[in-house]
>>> print(open('query.pdb').read())   # PDB, C-alpha atoms
ATOM      1  CA  MET K   1     102.868 127.387  83.229
ATOM      2  CA  SER K   2      99.926 129.426  84.461
ATOM      3  CA  TYR K   3      99.848 131.413  87.708
ATOM      4  CA  ILE K   4      97.146 129.077  89.091
ATOM      5  CA  ASN K   5      99.271 125.990  88.368
ATOM      6  CA  ILE K   6     102.266 127.543  90.133
ATOM      7  CA  ILE K   7     100.164 128.329  93.200
ATOM      8  CA  THR K   8      98.793 124.773  93.201
ATOM      9  CA  ILE K   9     102.305 123.289  93.152
ATOM     10  CA  PHE K  10     103.418 125.467  96.066
ATOM     11  CA  VAL K  11     100.320 124.505  98.056
ATOM     12  CA  ILE K  12     100.998 120.792  97.487
ATOM     13  CA  ILE K  13     104.646 121.197  98.565
ATOM     14  CA  TYR K  14     103.617 123.160 101.661
ATOM     15  CA  ILE K  15     101.044 120.551 102.677
ATOM     16  CA  GLN K  16     103.619 117.769 102.310
ATOM     17  CA  PHE K  17     106.089 119.798 104.382
ATOM     18  CA  ILE K  18     103.739 120.428 107.298
ATOM     19  CA  GLN K  19     102.504 116.828 107.250
ATOM     20  CA  SER K  20     105.954 115.210 107.174
ATOM     21  CA  LYS K  21     107.207 113.719 110.426
ATOM     22  CA  ASP K  22     110.621 113.036 111.925
ATOM     23  CA  TYR K  23     110.647 109.819 113.940
ATOM     24  CA  ASN K  24     113.309 108.933 116.518
ATOM     25  CA  PHE K  25     113.722 105.160 116.958
ATOM     26  CA  LEU K  26     114.597 105.520 120.645
ATOM     27  CA  ARG K  27     111.520 107.637 121.354
ATOM     28  CA  LEU K  28     109.360 105.173 119.446
ATOM     29  CA  GLY K  29     110.348 102.552 122.000
ATOM     30  CA  GLY K  30     113.611 101.162 120.630
ATOM     31  CA  ILE K  31     115.631  99.398 123.321
ATOM     32  CA  PRO K  32     119.392 100.129 123.353
ATOM     33  CA  VAL K  33     122.008  97.397 123.706
ATOM     34  CA  LEU K  34     123.652  97.252 127.129
ATOM     35  CA  SER K  35     126.442  94.890 126.021
ATOM     36  CA  GLN K  36     127.105  93.634 122.500
ATOM     37  CA  TYR K  37     128.668  90.497 124.017
ATOM     38  CA  ASN K  38     125.429  89.476 125.721
ATOM     39  CA  LEU K  39     122.661  90.246 123.262
ATOM     40  CA  SER K  40     119.101  89.572 124.379
ATOM     41  CA  ILE K  41     117.050  87.746 121.760
ATOM     42  CA  ASP K  42     113.872  89.186 123.288
ATOM     43  CA  THR K  43     115.211  92.737 122.946
ATOM     44  CA  ALA K  44     116.395  92.124 119.386
ATOM     45  CA  THR K  45     113.020  90.620 118.463
ATOM     46  CA  SER K  46     111.136  93.565 119.973
ATOM     47  CA  ASN K  47     113.341  96.064 118.120
ATOM     48  CA  THR K  48     112.861  94.188 114.850
ATOM     49  CA  ILE K  49     109.073  94.271 115.144
ATOM     50  CA  LEU K  50     109.221  97.969 115.991
ATOM     51  CA  LEU K  51     111.544  98.735 113.075
ATOM     52  CA  ASN K  52     109.355  96.882 110.585
ATOM     53  CA  ASP K  53     106.321  98.832 111.765
ATOM     54  CA  ALA K  54     108.179 102.154 111.753
ATOM     55  CA  LEU K  55     109.575 101.697 108.244
ATOM     56  CA  GLN K  56     106.314 100.516 106.770
ATOM     57  CA  GLY K  57     104.527 103.516 108.287
ATOM     58  CA  LEU K  58     106.762 106.131 106.659
ATOM     59  CA  VAL K  59     105.133 108.359 104.061
ATOM     60  CA  SER K  60     106.542 110.941 101.676
ATOM     61  CA  GLY K  61     108.602 113.571 103.489
ATOM     62  CA  ASP K  62     109.118 111.510 106.659
ATOM     63  CA  SER K  63     112.437 110.572 108.237
ATOM     64  CA  LEU K  64     113.497 107.856 110.679
ATOM     65  CA  TYR K  65     116.430 108.669 112.958
ATOM     66  CA  PHE K  66     118.685 106.324 114.945
ATOM     67  CA  PRO K  67     120.628 108.278 117.601
ATOM     68  CA  ASN K  68     124.260 107.543 118.403
ATOM     69  CA  ILE K  69     123.683 104.379 120.431
ATOM     70  CA  THR K  70     123.420 100.687 119.526
ATOM     71  CA  PHE K  71     120.188  98.805 118.840
ATOM     72  CA  SER K  72     120.022  95.035 118.272
ATOM     73  CA  PHE K  73     117.889  93.174 115.718
ATOM     74  CA  ILE K  74     117.349  89.550 114.691
ATOM     75  CA  GLY K  75     117.084  89.991 110.926
ATOM     76  CA  GLY K  76     114.059  89.757 108.707
ATOM     77  CA  VAL K  77     113.614  93.528 108.543
ATOM     78  CA  TYR K  78     111.520  94.112 105.427
ATOM     79  CA  VAL K  79     109.783  97.118 103.886
ATOM     80  CA  ASN K  80     108.378  97.907 100.457
ATOM     81  CA  ASN K  81     106.970 100.876  98.551
ATOM     82  CA  LEU K  82     108.857 103.655 100.317
ATOM     83  CA  TYR K  83     108.850 106.997  98.523
ATOM     84  CA  ASN K  84     110.720 110.214  99.315
ATOM     85  CA  VAL K  85     111.900 109.355 102.822
ATOM     86  CA  GLU K  86     115.195 109.676 104.691
ATOM     87  CA  ILE K  87     116.738 107.126 107.049
ATOM     88  CA  ILE K  88     119.435 108.639 109.281
ATOM     89  CA  ILE K  89     121.719 106.266 111.186
ATOM     90  CA  ASP K  90     124.008 108.026 113.661
ATOM     91  CA  GLY K  91     124.419 104.933 115.836
ATOM     92  CA  THR K  92     124.747 101.179 115.195
ATOM     93  CA  LEU K  93     122.234  98.613 113.988
ATOM     94  CA  LEU K  94     123.657  95.364 115.384
ATOM     95  CA  PHE K  95     122.312  91.959 114.353
ATOM     96  CA  THR K  96     122.337  88.806 116.438
ATOM     97  CA  ASN K  97     124.286  85.799 115.176
ATOM     98  CA  ASP K  98     122.201  82.854 116.376
ATOM     99  CA  ARG K  99     121.025  80.710 113.449
ATOM    100  CA  ASP K 100     118.502  78.817 115.596
ATOM    101  CA  THR K 101     116.488  81.939 116.470
ATOM    102  CA  TRP K 102     117.041  83.739 113.145
ATOM    103  CA  PRO K 103     113.845  84.354 111.090
ATOM    104  CA  LYS K 104     113.436  81.961 108.166
ATOM    105  CA  ASP K 105     111.493  81.820 104.914
ATOM    106  CA  SER K 106     108.918  79.128 104.190
ATOM    107  CA  ASP K 107     111.609  76.954 102.582
ATOM    108  CA  GLY K 108     113.678  77.046 105.773
ATOM    109  CA  SER K 109     116.400  79.394 104.470
ATOM    110  CA  VAL K 110     117.380  82.371 106.609
ATOM    111  CA  LYS K 111     115.962  85.809 105.861
ATOM    112  CA  ASP K 112     118.307  88.679 105.009
ATOM    113  CA  CYS K 113     119.118  91.245 107.680
ATOM    114  CA  ILE K 114     117.418  94.218 105.968
ATOM    115  CA  THR K 115     115.489  94.182 102.684
ATOM    116  CA  PHE K 116     113.933  97.099 100.817
ATOM    117  CA  GLU K 117     111.753  96.489  97.763
ATOM    118  CA  ASP K 118     110.215  98.889  95.244
ATOM    119  CA  ILE K 119     111.555 102.085  96.770
ATOM    120  CA  GLU K 120     112.106 105.493  95.171
ATOM    121  CA  GLN K 121     113.854 108.697  96.249
ATOM    122  CA  VAL K 122     115.105 107.213  99.514
ATOM    123  CA  THR K 123     118.260 108.450 101.229
ATOM    124  CA  PHE K 124     120.253 106.392 103.728
ATOM    125  CA  THR K 125     122.661 108.699 105.521
ATOM    126  CA  SER K 126     124.358 109.741 108.753
ATOM    127  CA  ASN K 127     125.458 112.973 110.404
ATOM    128  CA  GLY K 128     128.764 111.214 111.095
ATOM    129  CA  ILE K 129     129.335 107.552 110.252
ATOM    130  CA  GLY K 130     126.456 105.190 110.920
ATOM    131  CA  THR K 131     127.076 101.457 111.254
ATOM    132  CA  LEU K 132     125.197  98.362 110.157
ATOM    133  CA  ASN K 133     126.938  95.493 111.948
ATOM    134  CA  GLY K 134     126.060  92.028 110.686
ATOM    135  CA  ASN K 135     127.991  90.337 113.528
ATOM    136  CA  GLY K 136     128.981  87.847 110.879
ATOM    137  CA  LYS K 137     132.020  85.978 112.134
ATOM    138  CA  LYS K 138     129.950  83.191 113.676
ATOM    139  CA  TRP K 139     128.332  82.653 110.261
ATOM    140  CA  TRP K 140     131.704  82.363 108.486
ATOM    141  CA  GLY K 141     134.137  79.471 108.231
ATOM    142  CA  ALA K 142     134.650  76.288 106.285
ATOM    143  CA  ILE K 143     132.846  74.082 108.815
ATOM    144  CA  ASP K 144     129.714  76.224 108.756
ATOM    145  CA  PHE K 145     129.843  76.235 104.950
ATOM    146  CA  LEU K 146     129.983  72.435 104.844
ATOM    147  CA  LYS K 147     126.903  72.289 107.095
ATOM    148  CA  HIS K 148     124.797  75.079 105.595
ATOM    149  CA  GLY K 149     126.277  76.043 102.225
ATOM    150  CA  GLU K 150     125.476  79.622 101.282
ATOM    151  CA  ASP K 151     122.412  79.814 103.510
ATOM    152  CA  ARG K 152     123.498  83.011 105.241
ATOM    153  CA  PRO K 153     121.773  86.409 105.424
ATOM    154  CA  MET K 154     122.796  89.392 103.312
ATOM    155  CA  LEU K 155     123.316  92.501 105.406
ATOM    156  CA  PHE K 156     121.634  95.138 103.224
ATOM    157  CA  ARG K 157     119.491  94.337 100.183
ATOM    158  CA  ILE K 158     117.547  96.577  97.819
ATOM    159  CA  THR K 159     115.367  95.203  95.023
ATOM    160  CA  ARG K 160     113.828  97.379  92.304
ATOM    161  CA  SER K 161     114.761 100.903  93.224
ATOM    162  CA  LYS K 162     114.962 104.350  91.650
ATOM    163  CA  ASP K 163     116.955 107.415  92.693
ATOM    164  CA  ILE K 164     118.573 106.081  95.865
ATOM    165  CA  ILE K 165     121.420 107.678  97.843
ATOM    166  CA  VAL K 166     123.558 105.750 100.325
ATOM    167  CA  GLU K 167     126.227 107.768 102.130
ATOM    168  CA  ASN K 168     128.336 107.997 105.292
ATOM    169  CA  LEU K 169     127.697 104.415 106.355
ATOM    170  CA  LEU K 170     129.906 101.547 107.516
ATOM    171  CA  PHE K 171     128.740  98.048 106.593
ATOM    172  CA  LYS K 172     130.574  95.757 108.996
ATOM    173  CA  ASP K 173     130.992  91.973 109.188
ATOM    174  CA  SER K 174     128.155  90.871 106.950
ATOM    175  CA  PRO K 175     127.279  87.180 107.329
ATOM    176  CA  TYR K 176     127.063  86.890 103.516
ATOM    177  CA  TRP K 177     126.971  89.493 100.724
ATOM    178  CA  THR K 178     127.243  92.915 102.302
ATOM    179  CA  PHE K 179     125.335  95.247  99.981
ATOM    180  CA  PHE K 180     123.229  94.066  97.045
ATOM    181  CA  SER K 181     121.142  96.462  94.982
ATOM    182  CA  ASP K 182     119.252  94.518  92.331
ATOM    183  CA  LYS K 183     117.510  96.224  89.403
ATOM    184  CA  SER K 184     118.711  99.707  90.337
ATOM    185  CA  ASP K 185     117.872 102.784  88.281
ATOM    186  CA  GLY K 186     119.706 105.778  89.657
ATOM    187  CA  LEU K 187     121.855 104.677  92.597
ATOM    188  CA  ILE K 188     124.546 106.744  94.302
ATOM    189  CA  VAL K 189     126.777 105.187  96.962
ATOM    190  CA  ARG K 190     129.440 107.491  98.419
ATOM    191  CA  TYR K 191     131.701 108.108 101.420
ATOM    192  CA  SER K 192     130.958 104.662 102.816
ATOM    193  CA  ALA K 193     132.907 101.539 103.768
ATOM    194  CA  VAL K 194     132.728  97.763 103.936
ATOM    195  CA  ASP K 195     134.769  95.965 106.586
ATOM    196  CA  ALA K 196     134.568  92.153 106.823
ATOM    197  CA  ARG K 197     137.784  90.781 108.351
ATOM    198  CA  TRP K 198     138.742  87.561 110.063
ATOM    199  CA  ASP K 199     141.315  89.580 112.004
ATOM    200  CA  GLN K 200     142.892  93.030 111.861
ATOM    201  CA  LYS K 201     146.137  92.090 110.111
ATOM    202  CA  ASP K 202     147.055  93.827 106.858
ATOM    203  CA  ARG K 203     146.887  90.800 104.591
ATOM    204  CA  HIS K 204     144.671  88.027 103.202
ATOM    205  CA  THR K 205     145.600  84.399 103.953
ATOM    206  CA  LEU K 206     143.742  81.124 103.593
ATOM    207  CA  LEU K 207     142.514  81.605 107.159
ATOM    208  CA  ASP K 208     141.123  85.039 106.265
ATOM    209  CA  LEU K 209     139.338  83.542 103.265
ATOM    210  CA  GLN K 210     137.013  81.732 105.665
ATOM    211  CA  ALA K 211     135.074  84.989 105.413
ATOM    212  CA  PHE K 212     134.329  84.181 101.756
ATOM    213  CA  ASN K 213     131.070  85.302 100.106
ATOM    214  CA  THR K 214     131.276  88.578 102.023
ATOM    215  CA  ASP K 215     130.989  90.538  98.749
ATOM    216  CA  GLY K 216     131.281  94.306  99.192
ATOM    217  CA  PHE K 217     128.989  96.219  96.833
ATOM    218  CA  ASP K 218     127.079  94.029  94.344
ATOM    219  CA  VAL K 219     124.775  95.718  91.868
ATOM    220  CA  THR K 220     122.585  95.223  88.815
ATOM    221  CA  GLY K 221     120.653  97.824  86.832
ATOM    222  CA  LYS K 222     121.630 101.144  85.303
ATOM    223  CA  ASN K 223     122.709 104.696  86.102
ATOM    224  CA  VAL K 224     124.868 103.758  89.083
ATOM    225  CA  TYR K 225     127.602 105.967  90.525
ATOM    226  CA  MET K 226     129.774 104.702  93.385
ATOM    227  CA  HIS K 227     132.688 106.794  94.598
ATOM    228  CA  ASP K 228     134.973 107.450  97.556
ATOM    229  CA  LEU K 229     134.520 104.008  99.088
ATOM    230  CA  SER K 230     136.761 101.870 101.284
ATOM    231  CA  ILE K 231     136.357  98.096 101.078
ATOM    232  CA  TRP K 232     138.142  95.322 102.974
ATOM    233  CA  ASN K 233     136.611  91.875 102.618
ATOM    234  CA  ASP K 234     137.453  88.370 101.467
ATOM    235  CA  ASP K 235     135.501  88.090  98.241
ATOM    236  CA  ASP K 236     134.548  90.423  95.377
ATOM    237  CA  CYS K 237     134.950  94.035  96.502
ATOM    238  CA  ILE K 238     132.600  95.379  93.817
ATOM    239  CA  SER K 239     130.628  93.083  91.541
ATOM    240  CA  VAL K 240     128.625  94.267  88.523
ATOM    241  CA  LYS K 241     126.126  91.554  87.703
ATOM    242  CA  ASP K 242     123.704  90.556  84.934
ATOM    243  CA  GLY K 243     122.112  93.064  82.578
ATOM    244  CA  SER K 244     123.883  96.150  83.937
ATOM    245  CA  GLU K 245     124.740  99.340  82.047
ATOM    246  CA  ASP K 246     125.967 102.892  82.537
ATOM    247  CA  MET K 247     127.891 102.536  85.777
ATOM    248  CA  LEU K 248     130.881 104.487  87.091
ATOM    249  CA  PHE K 249     133.096 103.435  89.996
ATOM    250  CA  GLU K 250     135.898 105.776  91.035
ATOM    251  CA  ARG K 251     138.157 106.613  93.954
ATOM    252  CA  ILE K 252     137.757 103.153  95.454
ATOM    253  CA  SER K 253     140.193 101.699  97.976
ATOM    254  CA  ALA K 254     139.628  97.959  97.731
ATOM    255  CA  SER K 255     141.295  94.961  99.350
ATOM    256  CA  GLY K 256     139.746  91.567  98.755
ATOM    257  CA  LEU K 257     139.404  89.587  95.530
ATOM    258  CA  GLY K 258     139.045  92.779  93.497
ATOM    259  CA  LEU K 259     136.724  94.697  91.175
ATOM    260  CA  VAL K 260     134.711  92.409  88.932
ATOM    261  CA  ILE K 261     132.158  92.286  86.174
ATOM    262  CA  GLY K 262     130.290  89.084  86.823
ATOM    263  CA  SER K 263     129.210  86.562  87.206
ATOM    264  CA  ILE K 264     127.426  87.136  83.914
ATOM    265  CA  GLY K 265     125.249  84.603  82.114
ATOM    266  CA  GLN K 266     123.213  85.098  78.968
ATOM    267  CA  THR K 267     122.674  88.818  79.530
ATOM    268  CA  ARG K 268     124.919  91.664  78.383
ATOM    269  CA  VAL K 269     126.602  94.462  80.327
ATOM    270  CA  ASN K 270     127.517  97.783  78.753
ATOM    271  CA  ASN K 271     129.401 100.978  79.595
ATOM    272  CA  ILE K 272     130.990 100.004  82.914
ATOM    273  CA  THR K 273     133.914 102.144  84.130
ATOM    274  CA  PHE K 274     136.417 101.592  86.961
ATOM    275  CA  ARG K 275     138.951 104.383  87.449
ATOM    276  CA  ASP K 276     141.217 106.232  89.881
ATOM    277  CA  SER K 277     141.284 103.418  92.437
ATOM    278  CA  VAL K 278     143.772 101.564  94.639
ATOM    279  CA  LEU K 279     143.739  97.784  95.154
ATOM    280  CA  HIS K 280     145.859  97.133  98.249
ATOM    281  CA  HIS K 281     146.908  93.484  98.811
ATOM    282  CA  THR K 282     144.100  92.379  96.518
ATOM    283  CA  PHE K 283     144.050  88.758  95.346
ATOM    284  CA  LYS K 284     143.062  89.237  91.690
ATOM    285  CA  GLY K 285     142.648  92.915  90.786
ATOM    286  CA  ILE K 286     140.119  93.641  88.041
ATOM    287  CA  TYR K 287     138.562  90.684  86.275
ATOM    288  CA  MET K 288     135.475  89.251  84.584
ATOM    289  CA  LYS K 289     133.489  86.140  85.463
ATOM    290  CA  THR K 290     131.032  84.088  83.432
ATOM    291  CA  ARG K 291     128.916  81.201  84.630
ATOM    292  CA  TRP K 292     130.140  78.015  83.025
ATOM    293  CA  TYR K 293     126.602  76.699  82.474
ATOM    294  CA  ASP K 294     125.403  79.806  80.579
ATOM    295  CA  VAL K 295     126.076  80.703  76.974
ATOM    296  CA  GLY K 296     126.149  84.315  75.841
ATOM    297  CA  PRO K 297     128.181  87.503  75.448
ATOM    298  CA  ILE K 298     129.419  89.302  78.538
ATOM    299  CA  GLY K 299     129.282  92.881  77.266
ATOM    300  CA  GLU K 300     130.099  95.647  74.841
ATOM    301  CA  THR K 301     131.924  98.578  76.469
ATOM    302  CA  ALA K 302     134.073  98.777  79.583
ATOM    303  CA  MET K 303     136.913 101.043  80.683
ATOM    304  CA  ILE K 304     139.672 100.658  83.257
ATOM    305  CA  SER K 305     141.722 103.762  84.046
ATOM    306  CA  ASN K 306     144.393 104.704  86.602
ATOM    307  CA  ILE K 307     144.158 101.621  88.807
TER     308      ILE K 307
END
>>> encode(input="query.pdb", output="structure tokens")
Amino acid sequence: MSYINIITIFVIIYIQFIQSKDYNFLRLGGIPVLSQYNLSIDTATSNTILLNDALQGLVSGDSLYFPNITFSFIGGVYVNNLYNVEIIIDGTLLFTNDRDTWPKDSDGSVKDCITFEDIEQVTFTSNGIGTLNGNGKKWWGAIDFLKHGEDRPMLFRITRSKDIIVENLLFKDSPYWTFFSDKSDGLIVRYSAVDARWDQKDRHTLLDLQAFNTDGFDVTGKNVYMHDLSIWNDDDCISVKDGSEDMLFERISASGLGLVIGSIGQTRVNNITFRDSVLHHTFKGIYMKTRWYDVGPIGETAMISNI
């Protein structure tokens, strides 16, 4: 590399550094929650509009910071095409639980809480433990399922991503699937937790299973590394789905239905490893699922070690 090219690279890096901005959600106008038992829909709506605008305005080198207080949202947070940004959550992002005022798609189904699409080199982190609280208990239960089926919002969804880090976060009481990264290429999830409980007792009963479909970490894609995670839910703790390859899961403490490859249809999964993990009071353990209406192989290589 020539001397001129080296100088050019340093100039580009310096320009990006001096142009990058650190945004504080409170200073941008975010309204804190006064009481999580009396959430204002107007406040949650205002915060959601602000968050959508703030996220969509981030450019390479920027960061968005949530201080250690609670902000409420109504769901439908959506952003695409983020590159090289950091989202720091030191407080709590708390979602309302009112289906009637929840944002909906054109077909009438509810929007997910937070969705990121086509993002690259994005880090979601905290200086301590940040919380995304889906406030999901009102969405759970057999009666609600009979009325609405699986029309419930996911808490945290990523679609088509590359080189993503998620760390030091608690995903609490998701209305539906907790964390779903679809079509990942280079995903690290570490030092984080999922907690979706009907109550705080150390067991799973039929009553607890009313929180079904609260999957922990669901993922498709390749080059995924998840480690040092704690999961308590009432469905799949980790689920590796269609077309996945080259994934390692280790040092997982999981209590729910277990660690699963599936459901898998006509695609193939390859080189999936679960190791060095503890499954406390888990219903099934480690298992595989296929969809009965699909025909095709489930995979080639998998390893289970020290479970």
>>> resolve_selection(input="query.pdb", expression="the PyMOL selection byres ((chain K and resi 120) around 12)", output="PyMOL selection string")
chain K and resi 59-60+80-86+116-119+121-124+158-165+184-187
>>> resolve_selection(input="query.pdb", expression="the PyMOL selection byres ((chain K and resi 137) around 12)", output="PDB file with C-alpha atoms, keeping the file's coordinate frame")
ATOM      1  CA  PHE K  95     122.312  91.959 114.353  1.00  0.00           C
ATOM      2  CA  THR K  96     122.337  88.806 116.438  1.00  0.00           C
ATOM      3  CA  ASN K  97     124.286  85.799 115.176  1.00  0.00           C
ATOM      4  CA  ASP K  98     122.201  82.854 116.376  1.00  0.00           C
ATOM      5  CA  ASN K 133     126.938  95.493 111.948  1.00  0.00           C
ATOM      6  CA  GLY K 134     126.060  92.028 110.686  1.00  0.00           C
ATOM      7  CA  ASN K 135     127.991  90.337 113.528  1.00  0.00           C
ATOM      8  CA  GLY K 136     128.981  87.847 110.879  1.00  0.00           C
ATOM      9  CA  LYS K 138     129.950  83.191 113.676  1.00  0.00           C
ATOM     10  CA  TRP K 139     128.332  82.653 110.261  1.00  0.00           C
ATOM     11  CA  TRP K 140     131.704  82.363 108.486  1.00  0.00           C
ATOM     12  CA  GLY K 141     134.137  79.471 108.231  1.00  0.00           C
ATOM     13  CA  ALA K 142     134.650  76.288 106.285  1.00  0.00           C
ATOM     14  CA  ASP K 144     129.714  76.224 108.756  1.00  0.00           C
ATOM     15  CA  ARG K 152     123.498  83.011 105.241  1.00  0.00           C
ATOM     16  CA  LYS K 172     130.574  95.757 108.996  1.00  0.00           C
ATOM     17  CA  ASP K 173     130.992  91.973 109.188  1.00  0.00           C
ATOM     18  CA  SER K 174     128.155  90.871 106.950  1.00  0.00           C
ATOM     19  CA  PRO K 175     127.279  87.180 107.329  1.00  0.00           C
ATOM     20  CA  TYR K 176     127.063  86.890 103.516  1.00  0.00           C
ATOM     21  CA  ASP K 195     134.769  95.965 106.586  1.00  0.00           C
ATOM     22  CA  ALA K 196     134.568  92.153 106.823  1.00  0.00           C
ATOM     23  CA  ARG K 197     137.784  90.781 108.351  1.00  0.00           C
ATOM     24  CA  TRP K 198     138.742  87.561 110.063  1.00  0.00           C
ATOM     25  CA  ASP K 199     141.315  89.580 112.004  1.00  0.00           C
ATOM     26  CA  ASP K 208     141.123  85.039 106.265  1.00  0.00           C
ATOM     27  CA  LEU K 209     139.338  83.542 103.265  1.00  0.00           C
ATOM     28  CA  GLN K 210     137.013  81.732 105.665  1.00  0.00           C
ATOM     29  CA  ALA K 211     135.074  84.989 105.413  1.00  0.00           C
ATOM     30  CA  PHE K 212     134.329  84.181 101.756  1.00  0.00           C
ATOM     31  CA  THR K 214     131.276  88.578 102.023  1.00  0.00           C
TER      32      THR K 214
END
>>> resolve_selection(input="query.pdb", expression="the PyMOL selection byres ((chain K and resi 279) around 10)", output="PDB file with C-alpha atoms, in the coordinates of the input")
ATOM      1  CA  ILE K 231     136.357  98.096 101.078  1.00  0.00           C
ATOM      2  CA  TRP K 232     138.142  95.322 102.974  1.00  0.00           C
ATOM      3  CA  CYS K 237     134.950  94.035  96.502  1.00  0.00           C
ATOM      4  CA  ILE K 252     137.757 103.153  95.454  1.00  0.00           C
ATOM      5  CA  SER K 253     140.193 101.699  97.976  1.00  0.00           C
ATOM      6  CA  ALA K 254     139.628  97.959  97.731  1.00  0.00           C
ATOM      7  CA  SER K 255     141.295  94.961  99.350  1.00  0.00           C
ATOM      8  CA  GLY K 256     139.746  91.567  98.755  1.00  0.00           C
ATOM      9  CA  LEU K 257     139.404  89.587  95.530  1.00  0.00           C
ATOM     10  CA  GLY K 258     139.045  92.779  93.497  1.00  0.00           C
ATOM     11  CA  LEU K 259     136.724  94.697  91.175  1.00  0.00           C
ATOM     12  CA  SER K 277     141.284 103.418  92.437  1.00  0.00           C
ATOM     13  CA  VAL K 278     143.772 101.564  94.639  1.00  0.00           C
ATOM     14  CA  HIS K 280     145.859  97.133  98.249  1.00  0.00           C
ATOM     15  CA  HIS K 281     146.908  93.484  98.811  1.00  0.00           C
ATOM     16  CA  THR K 282     144.100  92.379  96.518  1.00  0.00           C
ATOM     17  CA  PHE K 283     144.050  88.758  95.346  1.00  0.00           C
ATOM     18  CA  LYS K 284     143.062  89.237  91.690  1.00  0.00           C
ATOM     19  CA  GLY K 285     142.648  92.915  90.786  1.00  0.00           C
ATOM     20  CA  ILE K 286     140.119  93.641  88.041  1.00  0.00           C
ATOM     21  CA  ILE K 307     144.158 101.621  88.807  1.00  0.00           C
TER      22      ILE K 307
END
>>> closest_residue(input="query.pdb", among="K:Leu170, K:Asn47, K:Asn52, K:Glu150", to="Gly91 of chain K", atoms="all atoms listed in the file")
K:Leu170
>>> atom_distance(input="query.pdb", atom1="atom CA of Thr131 of chain K", atom2="atom CA of Gln56 of chain K")
21.3 Å
>>> residues_around(input="query.pdb", residues="Val166 of chain K", least_positions_apart="4", cutoff="12 Å", atoms="all atoms listed in the file", output="PyMOL selection string")
chain K and resi 86-89+121-126+129-130+156+158+170-171+179+181+186-193+217+224-229
>>> atom_distance(input="query.pdb", atom1="atom CA of Trp102 of chain K", atom2="atom CA of Gly75 of chain K")
6.6 Å
>>> atom_distance(input="query.pdb", atom1="atom CA of Thr92 of chain K", atom2="atom CA of Pro67 of chain K")
8.6 Å
>>> residues_around(input="query.pdb", residues="Val219 of chain K", least_positions_apart="2", cutoff="6 Å", atoms="all atoms listed in the file", output="list in words")
Phe180, Ser181, Asp182 and Val240 of chain K
>>> closest_residue(input="query.pdb", among="K:Gly30, K:Gly108, K:Asn233, K:Phe66", to="Ile49 of chain K", atoms="only C-alpha atoms")
K:Gly30
>>> closest_residue(input="query.pdb", among="K:Leu132, K:Met288, K:Val77, K:Met247", to="Gly265 of chain K", atoms="only C-alpha atoms")
K:Met288
>>> closest_residue(input="query.pdb", among="K:Ile74, K:Val79, K:Leu94, K:Pro153", to="Asp112 of chain K", atoms="all atoms listed in the file")
K:Pro153
>>> closest_residue(input="query.pdb", among="K:Ser109, K:Arg157, K:Leu58, K:Leu39", to="Tyr78 of chain K", atoms="only C-alpha atoms")
K:Arg157
>>> closest_residue(input="query.pdb", among="K:Ile41, K:Leu51, K:Ile143, K:Leu169", to="Leu26 of chain K", atoms="only C-alpha atoms")
K:Leu51
>>> residues_around(input="query.pdb", residues="Leu28 of chain K", least_positions_apart="5", cutoff="10 Å", atoms="all atoms listed in the file", output="PDB file with C-alpha atoms, keeping the file's coordinate frame")
ATOM      1  CA  TYR K  23     110.647 109.819 113.940  1.00  0.00           C
ATOM      2  CA  LEU K  50     109.221  97.969 115.991  1.00  0.00           C
ATOM      3  CA  LEU K  51     111.544  98.735 113.075  1.00  0.00           C
ATOM      4  CA  ALA K  54     108.179 102.154 111.753  1.00  0.00           C
TER       5      ALA K  54
END
